[in-house]
$ cat query-v2.tsv   # TSV, C-alpha atoms and all ligand atoms
chain	number	residue	atom	x	y	z
D	4	MET	CA	-27.06	-5.40	-20.37
D	5	ILE	CA	-24.16	-7.05	-18.55
D	6	TYR	CA	-21.02	-4.99	-18.15
D	7	SER	CA	-17.92	-5.30	-16.01
D	8	LYS	CA	-16.41	-2.91	-13.51
D	9	PHE	CA	-13.46	-2.62	-11.17
D	10	LEU	CA	-14.55	-3.34	-7.61
D	11	GLY	CA	-11.19	-2.71	-5.93
D	12	VAL	CA	-7.47	-2.36	-6.51
D	13	GLY	CA	-4.39	-3.22	-4.45
D	14	SER	CA	-0.65	-3.28	-4.90
D	15	TYR	CA	2.55	-4.34	-3.21
D	16	VAL	CA	6.25	-3.64	-3.65
D	17	PRO	CA	9.00	-5.34	-1.65
D	18	PRO	CA	10.49	-3.04	1.03
D	19	ARG	CA	14.10	-2.92	-0.20
D	20	VAL	CA	14.80	0.13	-2.38
D	21	TRP	CA	17.73	0.22	-4.81
D	22	THR	CA	18.63	3.76	-5.83
D	23	ASN	CA	20.54	4.47	-9.03
D	24	GLN	CA	23.52	5.22	-6.82
D	25	ASP	CA	23.20	1.75	-5.23
D	26	LEU	CA	23.44	0.18	-8.70
D	27	THR	CA	26.85	1.76	-9.24
D	28	SER	CA	28.20	-0.77	-6.72
D	29	LEU	CA	27.20	-3.56	-9.14
D	30	MET	CA	27.94	-2.12	-12.58
D	31	ASP	CA	29.42	0.77	-14.50
D	32	THR	CA	26.50	3.20	-14.57
D	33	SER	CA	25.50	6.52	-13.03
D	34	ASP	CA	22.50	8.24	-11.50
D	35	GLU	CA	22.82	10.94	-14.15
D	36	TRP	CA	22.72	8.46	-17.10
D	37	ILE	CA	19.74	6.58	-15.73
D	38	GLN	CA	17.70	9.66	-14.81
D	39	GLN	CA	18.44	11.48	-18.06
D	40	ARG	CA	17.57	8.54	-20.33
D	41	THR	CA	14.71	6.95	-18.37
D	42	GLY	CA	13.44	9.19	-15.55
D	43	ILE	CA	14.05	6.37	-13.04
D	44	LYS	CA	15.44	7.29	-9.61
D	45	GLU	CA	14.91	4.05	-7.71
D	46	ARG	CA	13.23	0.66	-7.87
D	47	HIS	CA	12.20	-2.00	-5.34
D	48	TRP	CA	13.88	-5.40	-5.51
D	49	VAL	CA	13.13	-8.44	-3.36
D	50	ASP	CA	15.80	-9.61	-0.95
D	51	GLN	CA	18.08	-11.56	-3.28
D	52	ASP	CA	18.90	-14.10	-0.54
D	53	SER	CA	15.24	-14.85	0.16
D	54	ALA	CA	12.95	-17.34	-1.59
D	55	THR	CA	10.46	-14.55	-2.34
D	56	CYS	CA	8.98	-15.04	-5.78
D	57	THR	CA	6.30	-13.61	-8.06
D	58	SER	CA	3.34	-15.44	-6.48
D	59	ASP	CA	4.32	-14.01	-3.06
D	60	LEU	CA	4.08	-10.43	-4.36
D	61	ALA	CA	0.90	-11.37	-6.25
D	62	LEU	CA	-0.61	-12.69	-3.03
D	63	GLU	CA	0.04	-9.44	-1.14
D	64	ALA	CA	-1.50	-7.34	-3.92
D	65	SER	CA	-4.48	-9.71	-4.25
D	66	VAL	CA	-5.28	-9.59	-0.53
D	67	ARG	CA	-5.20	-5.79	-0.67
D	68	ALA	CA	-7.41	-5.67	-3.77
D	69	LEU	CA	-9.95	-8.03	-2.17
D	70	GLU	CA	-10.00	-5.85	0.92
D	71	ALA	CA	-10.47	-2.66	-1.09
D	72	ALA	CA	-13.26	-4.34	-3.08
D	73	ASN	CA	-14.88	-5.63	0.10
D	74	VAL	CA	-15.09	-9.03	-1.59
D	75	LYS	CA	-14.43	-12.33	0.20
D	76	LYS	CA	-11.83	-14.45	-1.54
D	77	GLU	CA	-14.37	-17.30	-1.77
D	78	GLU	CA	-16.44	-15.13	-4.12
D	79	ILE	CA	-13.68	-15.19	-6.75
D	80	ASP	CA	-14.57	-17.42	-9.75
D	81	LEU	CA	-11.38	-17.06	-11.79
D	82	ILE	CA	-7.76	-15.94	-11.30
D	83	ILE	CA	-5.89	-14.36	-14.19
D	84	LEU	CA	-2.21	-13.72	-13.53
D	85	ALA	CA	0.05	-11.81	-15.92
D	86	THR	CA	3.83	-12.15	-15.55
D	87	LEU	CA	7.02	-12.55	-17.52
D	88	SER	CA	8.90	-13.69	-14.42
D	89	PRO	CA	7.08	-16.87	-13.38
D	90	ASP	CA	7.97	-18.73	-10.17
D	91	HIS	CA	8.81	-21.81	-12.27
D	92	GLU	CA	8.78	-22.80	-15.95
D	93	PHE	CA	5.59	-24.73	-15.21
D	94	PRO	CA	2.99	-24.92	-13.84
D	95	GLY	CA	1.72	-21.40	-14.23
D	96	THR	CA	2.25	-18.88	-11.44
D	97	GLY	CA	-1.54	-18.45	-11.25
D	98	CYS	CA	-1.68	-21.98	-9.79
D	99	PHE	CA	0.86	-21.06	-7.11
D	100	LEU	CA	-1.11	-17.90	-6.31
D	101	GLN	CA	-4.35	-19.90	-6.16
D	102	SER	CA	-2.75	-22.27	-3.66
D	103	LYS	CA	-1.41	-19.39	-1.53
D	104	LEU	CA	-4.88	-17.81	-1.54
D	105	ASP	CA	-6.24	-21.22	-0.54
D	106	LEU	CA	-8.89	-21.30	-3.25
D	107	PRO	CA	-8.64	-24.86	-4.60
D	108	GLY	CA	-10.77	-25.74	-7.61
D	109	ILE	CA	-11.27	-22.38	-9.30
D	110	PRO	CA	-9.54	-21.85	-12.65
D	111	ALA	CA	-6.16	-20.09	-12.65
D	112	LEU	CA	-4.86	-18.72	-15.92
D	113	ASP	CA	-1.41	-17.31	-16.75
D	114	ILE	CA	-0.85	-14.65	-19.39
D	115	ARG	CA	2.56	-14.15	-20.98
D	116	GLN	CA	2.07	-10.76	-22.62
D	117	GLN	CA	4.77	-8.82	-20.78
D	118	CYS	CA	4.07	-5.09	-20.37
D	119	THR	CA	0.61	-5.40	-21.89
D	120	GLY	CA	-0.25	-8.45	-19.75
D	121	PHE	CA	-2.54	-6.56	-17.39
D	122	ILE	CA	-4.63	-5.06	-20.18
D	123	TYR	CA	-4.85	-8.47	-21.89
D	124	GLY	CA	-5.90	-9.83	-18.46
D	125	ILE	CA	-8.74	-7.37	-17.86
D	126	SER	CA	-9.89	-7.86	-21.44
D	127	ILE	CA	-10.14	-11.63	-20.92
D	128	ALA	CA	-11.89	-11.10	-17.57
D	129	ASP	CA	-14.34	-8.73	-19.31
D	130	GLN	CA	-15.34	-11.46	-21.79
D	131	PHE	CA	-15.97	-14.02	-19.03
D	132	LEU	CA	-17.99	-11.49	-17.01
D	133	LYS	CA	-20.07	-10.27	-19.95
D	134	SER	CA	-20.81	-13.85	-21.04
D	135	LYS	CA	-22.13	-14.51	-17.50
D	136	GLN	CA	-19.75	-17.44	-17.04
D	137	TYR	CA	-18.23	-15.78	-13.97
D	138	LYS	CA	-19.33	-13.08	-11.57
D	139	LYS	CA	-16.03	-12.05	-10.00
D	140	VAL	CA	-12.53	-12.27	-11.42
D	141	LEU	CA	-9.17	-11.48	-9.80
D	142	VAL	CA	-6.69	-10.03	-12.30
D	143	VAL	CA	-3.10	-9.70	-11.12
D	144	GLY	CA	0.10	-8.39	-12.68
D	145	ALA	CA	3.21	-9.40	-10.74
D	146	GLU	CA	6.94	-9.48	-11.39
D	147	VAL	CA	10.15	-10.43	-9.67
D	148	HIS	CA	12.57	-9.20	-12.31
D	149	SER	CA	15.51	-8.70	-10.00
D	150	LYS	CA	16.45	-12.38	-9.76
D	151	GLY	CA	16.59	-12.74	-13.56
D	152	LEU	CA	18.69	-9.73	-14.50
D	153	ASP	CA	22.34	-9.56	-15.47
D	154	LYS	CA	23.63	-7.29	-12.69
D	155	THR	CA	27.01	-6.72	-14.31
D	156	THR	CA	28.02	-3.96	-16.73
D	157	ARG	CA	27.18	-6.35	-19.61
D	158	GLY	CA	23.46	-6.17	-18.69
D	159	ARG	CA	23.27	-2.53	-17.59
D	160	ASP	CA	21.08	-1.31	-20.50
D	161	VAL	CA	18.25	-3.60	-19.33
D	162	THR	CA	18.91	-4.10	-15.62
D	163	VAL	CA	18.62	-0.46	-14.56
D	164	LEU	CA	15.10	-0.30	-16.04
D	165	PHE	CA	13.34	-3.01	-14.07
D	166	GLY	CA	11.74	-3.18	-10.63
D	167	ASP	CA	9.78	-5.81	-8.72
D	168	GLY	CA	6.13	-5.35	-7.71
D	169	ALA	CA	2.56	-6.48	-8.02
D	170	GLY	CA	-0.85	-4.94	-8.63
D	171	ALA	CA	-4.27	-6.53	-8.64
D	172	VAL	CA	-7.89	-5.68	-9.33
D	173	VAL	CA	-11.12	-7.44	-8.52
D	174	MET	CA	-13.56	-7.18	-11.41
D	175	GLY	CA	-17.26	-7.89	-11.15
D	176	ALA	CA	-20.24	-8.26	-13.48
D	177	GLU	CA	-23.08	-5.76	-13.16
D	178	GLU	CA	-26.47	-5.87	-14.78
D	179	GLY	CA	-28.37	-2.76	-15.87
D	180	ALA	CA	-28.23	0.10	-18.35
D	181	PRO	CA	-24.96	1.98	-17.78
D	182	ASP	CA	-25.08	5.68	-18.52
D	183	GLU	CA	-22.35	8.19	-19.21
D	184	LYS	CA	-21.28	8.30	-15.55
D	185	THR	CA	-21.49	4.61	-14.63
D	186	SER	CA	-18.26	3.09	-13.32
D	187	ARG	CA	-17.29	0.37	-15.79
D	188	LEU	CA	-14.74	-1.01	-18.17
D	189	ILE	CA	-15.76	0.62	-21.45
D	190	ASN	CA	-13.47	-1.14	-23.91
D	191	THR	CA	-10.10	-2.78	-24.51
D	192	PHE	CA	-8.06	-3.16	-27.71
D	193	LEU	CA	-5.29	-5.76	-28.02
D	194	HIS	CA	-2.50	-6.16	-30.59
D	195	ALA	CA	0.67	-8.16	-31.22
D	196	ASP	CA	3.32	-8.37	-33.92
D	197	GLY	CA	5.55	-11.42	-33.48
D	198	ARG	CA	7.90	-10.31	-36.26
D	199	PHE	CA	9.54	-8.25	-33.53
D	200	ALA	CA	9.67	-11.03	-30.94
D	201	LYS	CA	13.46	-11.07	-30.87
D	202	GLU	CA	13.83	-7.31	-30.33
D	203	LEU	CA	13.13	-7.85	-26.62
D	204	TRP	CA	13.40	-11.40	-25.29
D	205	VAL	CA	15.12	-13.97	-23.15
D	206	PRO	CA	16.50	-16.52	-25.66
D	207	GLU	CA	17.54	-19.31	-23.29
D	208	PRO	CA	16.64	-21.77	-21.98
D	209	GLY	CA	14.66	-22.48	-25.14
D	210	LEU	CA	13.90	-25.16	-27.72
D	211	ALA	CA	14.53	-23.31	-30.98
D	212	HIS	CA	17.91	-24.95	-31.52
D	213	PRO	CA	19.27	-28.46	-32.00
D	214	GLY	CA	20.11	-30.43	-28.89
D	215	PRO	CA	18.87	-30.28	-25.33
D	216	ARG	CA	17.06	-27.31	-23.93
D	217	MET	CA	19.40	-26.90	-20.98
D	218	ALA	CA	22.77	-27.20	-22.82
D	219	PRO	CA	25.14	-25.30	-20.48
D	220	GLU	CA	27.22	-23.92	-23.38
D	221	ARG	CA	24.19	-21.88	-24.49
D	222	PHE	CA	24.06	-19.99	-21.18
D	223	ASP	CA	26.60	-17.35	-22.15
D	224	GLY	CA	24.47	-14.34	-21.23
D	225	ARG	CA	21.54	-15.40	-23.42
D	226	GLU	CA	19.67	-16.48	-20.30
D	227	TYR	CA	19.23	-12.76	-19.51
D	228	PRO	CA	16.89	-10.28	-21.26
D	229	GLN	CA	18.24	-8.96	-24.59
D	230	MET	CA	16.84	-5.68	-25.85
D	231	ASN	CA	17.16	-3.51	-28.89
D	232	GLY	CA	16.24	-0.40	-26.88
D	233	LYS	CA	16.04	2.01	-29.82
D	234	THR	CA	13.62	-0.20	-31.78
D	235	VAL	CA	11.45	-0.67	-28.70
D	236	PHE	CA	11.44	3.08	-28.14
D	237	THR	CA	10.52	3.86	-31.76
D	238	TYR	CA	7.59	1.42	-31.89
D	239	ALA	CA	6.32	2.23	-28.39
D	240	THR	CA	6.01	5.92	-29.25
D	241	LYS	CA	4.13	5.02	-32.45
D	242	LYS	CA	1.83	2.24	-31.24
D	243	MET	CA	0.77	3.67	-27.86
D	244	PRO	CA	-0.89	6.78	-29.36
D	245	GLU	CA	-2.49	4.64	-32.12
D	246	VAL	CA	-4.08	2.15	-29.73
D	247	LEU	CA	-5.13	4.89	-27.32
D	248	MET	CA	-7.02	6.64	-30.11
D	249	GLU	CA	-8.57	3.31	-31.11
D	250	SER	CA	-10.18	3.06	-27.66
D	251	LEU	CA	-11.31	6.68	-27.63
D	252	SER	CA	-12.86	6.72	-31.08
D	253	ALA	CA	-14.66	3.41	-30.50
D	254	ALA	CA	-16.26	5.01	-27.42
D	255	GLY	CA	-16.99	8.31	-29.18
D	256	LYS	CA	-14.64	10.15	-26.81
D	257	THR	CA	-11.91	12.68	-27.35
D	258	LEU	CA	-8.60	13.16	-25.55
D	259	GLU	CA	-10.14	16.12	-23.75
D	260	ASP	CA	-12.83	13.88	-22.25
D	261	VAL	CA	-10.21	11.80	-20.43
D	262	ASP	CA	-9.53	12.85	-16.84
D	263	LEU	CA	-6.39	10.75	-16.27
D	264	PHE	CA	-3.96	8.77	-18.42
D	265	ILE	CA	-2.34	5.80	-16.69
D	266	PHE	CA	0.19	4.50	-19.20
D	267	HIS	CA	2.64	1.65	-18.91
D	268	GLN	CA	5.94	2.87	-17.42
D	269	ALA	CA	8.89	1.68	-19.50
D	270	ASN	CA	10.67	4.98	-19.85
D	271	LEU	CA	9.53	8.46	-18.85
D	272	ARG	CA	10.75	9.72	-22.25
D	273	ILE	CA	8.32	7.37	-24.04
D	274	ASN	CA	5.36	8.73	-22.08
D	275	GLU	CA	6.51	12.33	-22.52
D	276	MET	CA	6.75	11.78	-26.26
D	277	VAL	CA	3.30	10.15	-26.41
D	278	ALA	CA	1.81	13.05	-24.43
D	279	LYS	CA	3.56	15.61	-26.64
D	280	GLN	CA	2.39	13.96	-29.89
D	281	LEU	CA	-1.21	13.95	-28.69
D	282	ARG	CA	-0.96	17.34	-26.92
D	283	ILE	CA	-2.02	15.81	-23.60
D	284	PRO	CA	-1.23	18.19	-20.73
D	285	GLU	CA	1.49	16.82	-18.46
D	286	GLU	CA	-0.70	16.97	-15.35
D	287	LYS	CA	-3.15	14.50	-16.85
D	288	VAL	CA	-0.49	11.75	-17.15
D	289	TYR	CA	0.10	9.77	-13.98
D	290	ASN	CA	3.72	8.59	-13.91
D	291	THR	CA	5.24	6.28	-11.30
D	292	ILE	CA	8.45	5.28	-13.07
D	293	SER	CA	10.79	7.43	-10.96
D	294	ARG	CA	10.01	5.35	-7.84
D	295	PHE	CA	9.36	1.87	-9.23
D	296	GLY	CA	11.11	1.56	-12.61
D	297	ASN	CA	9.39	-0.72	-15.10
D	298	THR	CA	7.41	-3.37	-13.24
D	299	THR	CA	6.04	-4.78	-16.51
D	300	ALA	CA	2.65	-6.51	-15.97
D	301	ALA	CA	2.33	-4.95	-12.50
D	302	THR	CA	2.79	-1.38	-13.75
D	303	ILE	CA	-0.75	-0.33	-14.63
D	304	PRO	CA	-2.56	-1.79	-11.58
D	305	LEU	CA	0.23	-0.44	-9.37
D	306	GLY	CA	-0.29	2.97	-11.02
D	307	ILE	CA	-4.06	2.79	-10.55
D	308	ASP	CA	-3.62	1.92	-6.87
D	309	GLU	CA	-1.11	4.73	-6.32
D	310	ALA	CA	-3.38	7.20	-8.12
D	311	VAL	CA	-6.34	6.18	-5.94
D	312	LYS	CA	-4.30	6.39	-2.73
D	313	SER	CA	-2.84	9.78	-3.60
D	314	GLY	CA	-6.27	11.18	-4.44
D	315	ARG	CA	-5.44	11.73	-8.13
D	316	LEU	CA	-7.93	9.10	-9.28
D	317	LYS	CA	-11.44	9.69	-7.98
D	318	LYS	CA	-14.65	7.83	-8.51
D	319	GLY	CA	-16.39	8.79	-11.75
D	320	MET	CA	-13.22	9.83	-13.60
D	321	LEU	CA	-12.66	8.66	-17.16
D	322	VAL	CA	-9.29	6.88	-17.41
D	323	ALA	CA	-7.34	5.73	-20.46
D	324	SER	CA	-4.47	3.23	-20.24
D	325	ALA	CA	-2.10	2.10	-22.97
D	326	ALA	CA	0.88	-0.24	-22.90
D	327	PHE	CA	3.60	-1.48	-25.23
D	328	GLY	CA	6.13	-4.22	-24.66
D	329	ALA	CA	7.86	-7.41	-25.68
D	330	GLY	CA	6.21	-9.50	-28.36
D	331	PHE	CA	5.79	-6.82	-29.62
D	332	THR	CA	2.41	-6.44	-27.94
D	333	TRP	CA	0.40	-3.30	-27.34
D	334	ALA	CA	-3.04	-2.61	-25.92
D	335	SER	CA	-5.39	0.01	-24.51
D	336	ALA	CA	-8.24	0.19	-22.03
D	337	LEU	CA	-10.81	2.92	-21.42
D	338	TYR	CA	-12.70	2.83	-18.14
D	339	ARG	CA	-14.85	4.95	-15.89
D	340	TRP	CA	-13.41	4.51	-12.38
D	401	LIG	N1	24.53	3.19	-17.65
D	401	LIG	C1	25.45	3.87	-18.33
D	401	LIG	N2	25.63	3.73	-19.67
D	401	LIG	C2	24.81	2.88	-20.32
D	401	LIG	C3	23.82	2.15	-19.66
D	401	LIG	C4	23.69	2.33	-18.27
D	401	LIG	N3	22.76	1.68	-17.55
D	401	LIG	N4	23.17	1.40	-20.57
D	401	LIG	C5	23.72	1.65	-21.76
D	401	LIG	N5	24.73	2.55	-21.62
D	401	LIG	C6	25.60	3.11	-22.65
D	401	LIG	C7	25.70	2.24	-23.86
D	401	LIG	O1	26.68	1.24	-23.67
D	401	LIG	C8	26.06	3.23	-24.93
D	401	LIG	O2	27.42	3.50	-24.84
D	401	LIG	P1	28.30	3.74	-26.18
D	401	LIG	O3	27.70	4.93	-26.81
D	401	LIG	O4	29.67	3.96	-25.62
D	401	LIG	O5	28.14	2.50	-26.99
D	401	LIG	C9	25.33	4.50	-24.50
D	401	LIG	O6	25.02	4.33	-23.11
D	401	LIG	C10	24.06	4.75	-25.27
D	401	LIG	O7	23.31	3.56	-25.33
D	401	LIG	P2	21.99	3.47	-26.09
D	401	LIG	O8	21.45	2.08	-25.98
D	401	LIG	O9	22.17	4.03	-27.46
D	401	LIG	O10	21.06	4.44	-25.25
D	401	LIG	P3	19.64	4.96	-25.59
D	401	LIG	O11	19.69	6.43	-25.67
D	401	LIG	O12	18.96	4.20	-26.68
D	401	LIG	O13	18.86	4.62	-24.24
D	401	LIG	C11	17.35	3.00	-23.27
D	401	LIG	C12	18.73	3.27	-23.81
D	401	LIG	C13	17.10	3.89	-22.08
D	401	LIG	C14	17.27	1.55	-22.85
D	401	LIG	C15	16.30	3.33	-24.37
D	401	LIG	O14	16.65	2.74	-25.57
D	401	LIG	C16	14.91	2.86	-23.99
D	401	LIG	O15	14.33	3.23	-23.00
D	401	LIG	N6	14.31	2.03	-24.83
D	401	LIG	C17	12.98	1.49	-24.54
D	401	LIG	C18	13.07	0.47	-23.47
D	401	LIG	C19	11.74	-0.14	-23.22
D	401	LIG	O16	10.69	0.47	-23.39
D	401	LIG	N7	11.72	-1.36	-22.88
D	401	LIG	C20	10.49	-2.02	-22.65
D	401	LIG	C21	10.76	-3.10	-21.79
D	401	LIG	S1	9.29	-3.65	-21.20
D	401	LIG	C22	8.94	-5.20	-21.67
D	401	LIG	O17	8.09	-5.44	-22.46
D	401	LIG	C23	9.71	-6.29	-21.04
$ encode --input "query-v2.tsv" --output "structure tokens"
Amino acid sequence: MIYSKFLGVGSYVPPRVWTNQDLTSLMDTSDEWIQQRTGIKERHWVDQDSATCTSDLALEASVRALEAANVKKEEIDLIILATLSPDHEFPGTGCFLQSKLDLPGIPALDIRQQCTGFIYGISIADQFLKSKQYKKVLVVGAEVHSKGLDKTTRGRDVTVLFGDGAGAVVMGAEEGAPDEKTSRLINTFLHADGRFAKELWVPEPGLAHPGPRMAPERFDGREYPQMNGKTVFTYATKKMPEVLMESLSAAGKTLEDVDLFIFHQANLRINEMVAKQLRIPEEKVYNTISRFGNTTAATIPLGIDEAVKSGRLKKGMLVASAAFGAGFTWASALYRW
């Protein structure tokens, strides 16, 4: 049997930290409001005067993941990059990352699945590995949100939530008969419901209107993310437990079997509510939101890397991840680390 496993993980956040207090110099907000509603204390943003973009952060995380995996970059057969903040409209940011890694010729694929992008990415990698088309795949989630946010009071509901960062894993194909304790990706489940696409989106520049795509009169704030926060919250707290249970029951596992839950980090309250609904003890949920905010596609690999580094995630542990985000999209992954 061919199965896939994580060979190494790496992450990177830009050095500059913006505390909630720092944001009060840009907009009408407060540390108390942000912490109470979201659990966020600070986030990392790239230097706004620099040319640093998503593929730069992706490169740093990729190099670290390759090192942790003890895999030479030349062994990589495919790059999958998940982001909602691409370097350019086209070509895909995966191509820019491939060039920065100096790996000409191998396929580079972009995924636009927002907060669930990383789980979609490892799921796609899993299919290529199990089909024997590729032996090693680099999956990266990377975001530079900070350059695309409305940093005035008008955009405060969205802007305070997001941080920049990147996380990457190297996945490899293994052959053999995995047993209960074998490190591997056990399953993934993916979902989307485009009826809710406009509940969390960036409308412009776009084509779904008469006239040219770049008509300046359309850039009246609609070039920034628009979010119906309450709807997102309601569906996230419903769909994350559902998809998590989908993974567990398919694998014949229970919540008690899971050693660590590494959920997407959109809002601490969402994860607390998910844990409460499922009666998951707090200490089994690994949260990073207070230090990084929501780093969208980077969140889960960044969380995995932090959990490994801090000693919370050890070899042989059973881990469950679930994510919910724009699209709406939601997904889960169950893996033995
Ligand atoms: N600072 C201070 N006040 C604020 C801020 C802010 N940053 N943002 C909004 N407010 C104000 C509002 O203007 C409103 O004021 P009003 O009552 O005078 O009108 C008040 O606070 C309450 O606003 P609500 O939007 O009702 O606040 P809510 O309790 O819903 O919390 C939040 C907002 C935190 C955004 C919440 O809805 C949430 O977390 N939703 C989920 C977000 C999420 O998961 N997003 C996923 C994004 S990931 C992706 O896929 C891209």
$ residues_around --input "query-v2.tsv" --residues "Asn270 of chain D" --least-positions-apart "6" --cutoff "12 Å" --atoms "all atoms listed in the file" --output "PyMOL selection string"
chain D and resi 37-44+161+163-165+232-233+235-237+239-240+276-277+290-293+295-299+302+326-328
$ axis_aligned_box --input "query-v2.tsv" --around "ligand LIG 401 (chain D)" --padding-each-side "8 Å" --output "lines of an AutoDock Vina configuration file"
center_x = 18.9
center_y = 0.1
center_z = -22.5
size_x = 37.6
size_y = 28.7
size_z = 25.9
$ closest_residue --input "query-v2.tsv" --among "D:Thr22, D:Ser313, D:Ser88, D:Thr191" --to "Ser335 of chain D" --atoms "all atoms listed in the file"
D:Thr191
$ atom_distance --input "query-v2.tsv" --atom1 "atom CA of Asp223 of chain D" --atom2 "atom CA of Leu152 of chain D"
13.4 Å
$ atom_distance --input "query-v2.tsv" --atom1 "atom C1 of ligand LIG 401 (chain D)" --atom2 "atom CA of Arg159 of chain D"
6.8 Å
$ residues_around --input "query-v2.tsv" --residues "segment 177-187 of chain D" --least-positions-apart "3" --cutoff "8 Å" --atoms "all atoms listed in the file" --output "JSON, numbers by chain"
{"D": [4, 5, 6, 7, 8, 9, 318, 319, 338, 339, 340]}
$ closest_residue --input "query-v2.tsv" --among "D:His212, D:Lys103, D:Lys279, D:Lys242" --to "ligand LIG 401 (chain D)" --atoms "all atoms listed in the file"
D:Lys242
$ atom_distance --input "query-v2.tsv" --atom1 "atom CA of Glu45 of chain D" --atom2 "atom CA of Gly166 of chain D"
8.4 Å
$ closest_residue --input "query-v2.tsv" --among "D:Arg216, D:Lys241, D:Lys133, D:Arg67" --to "Val173 of chain D" --atoms "all atoms listed in the file"
D:Arg67
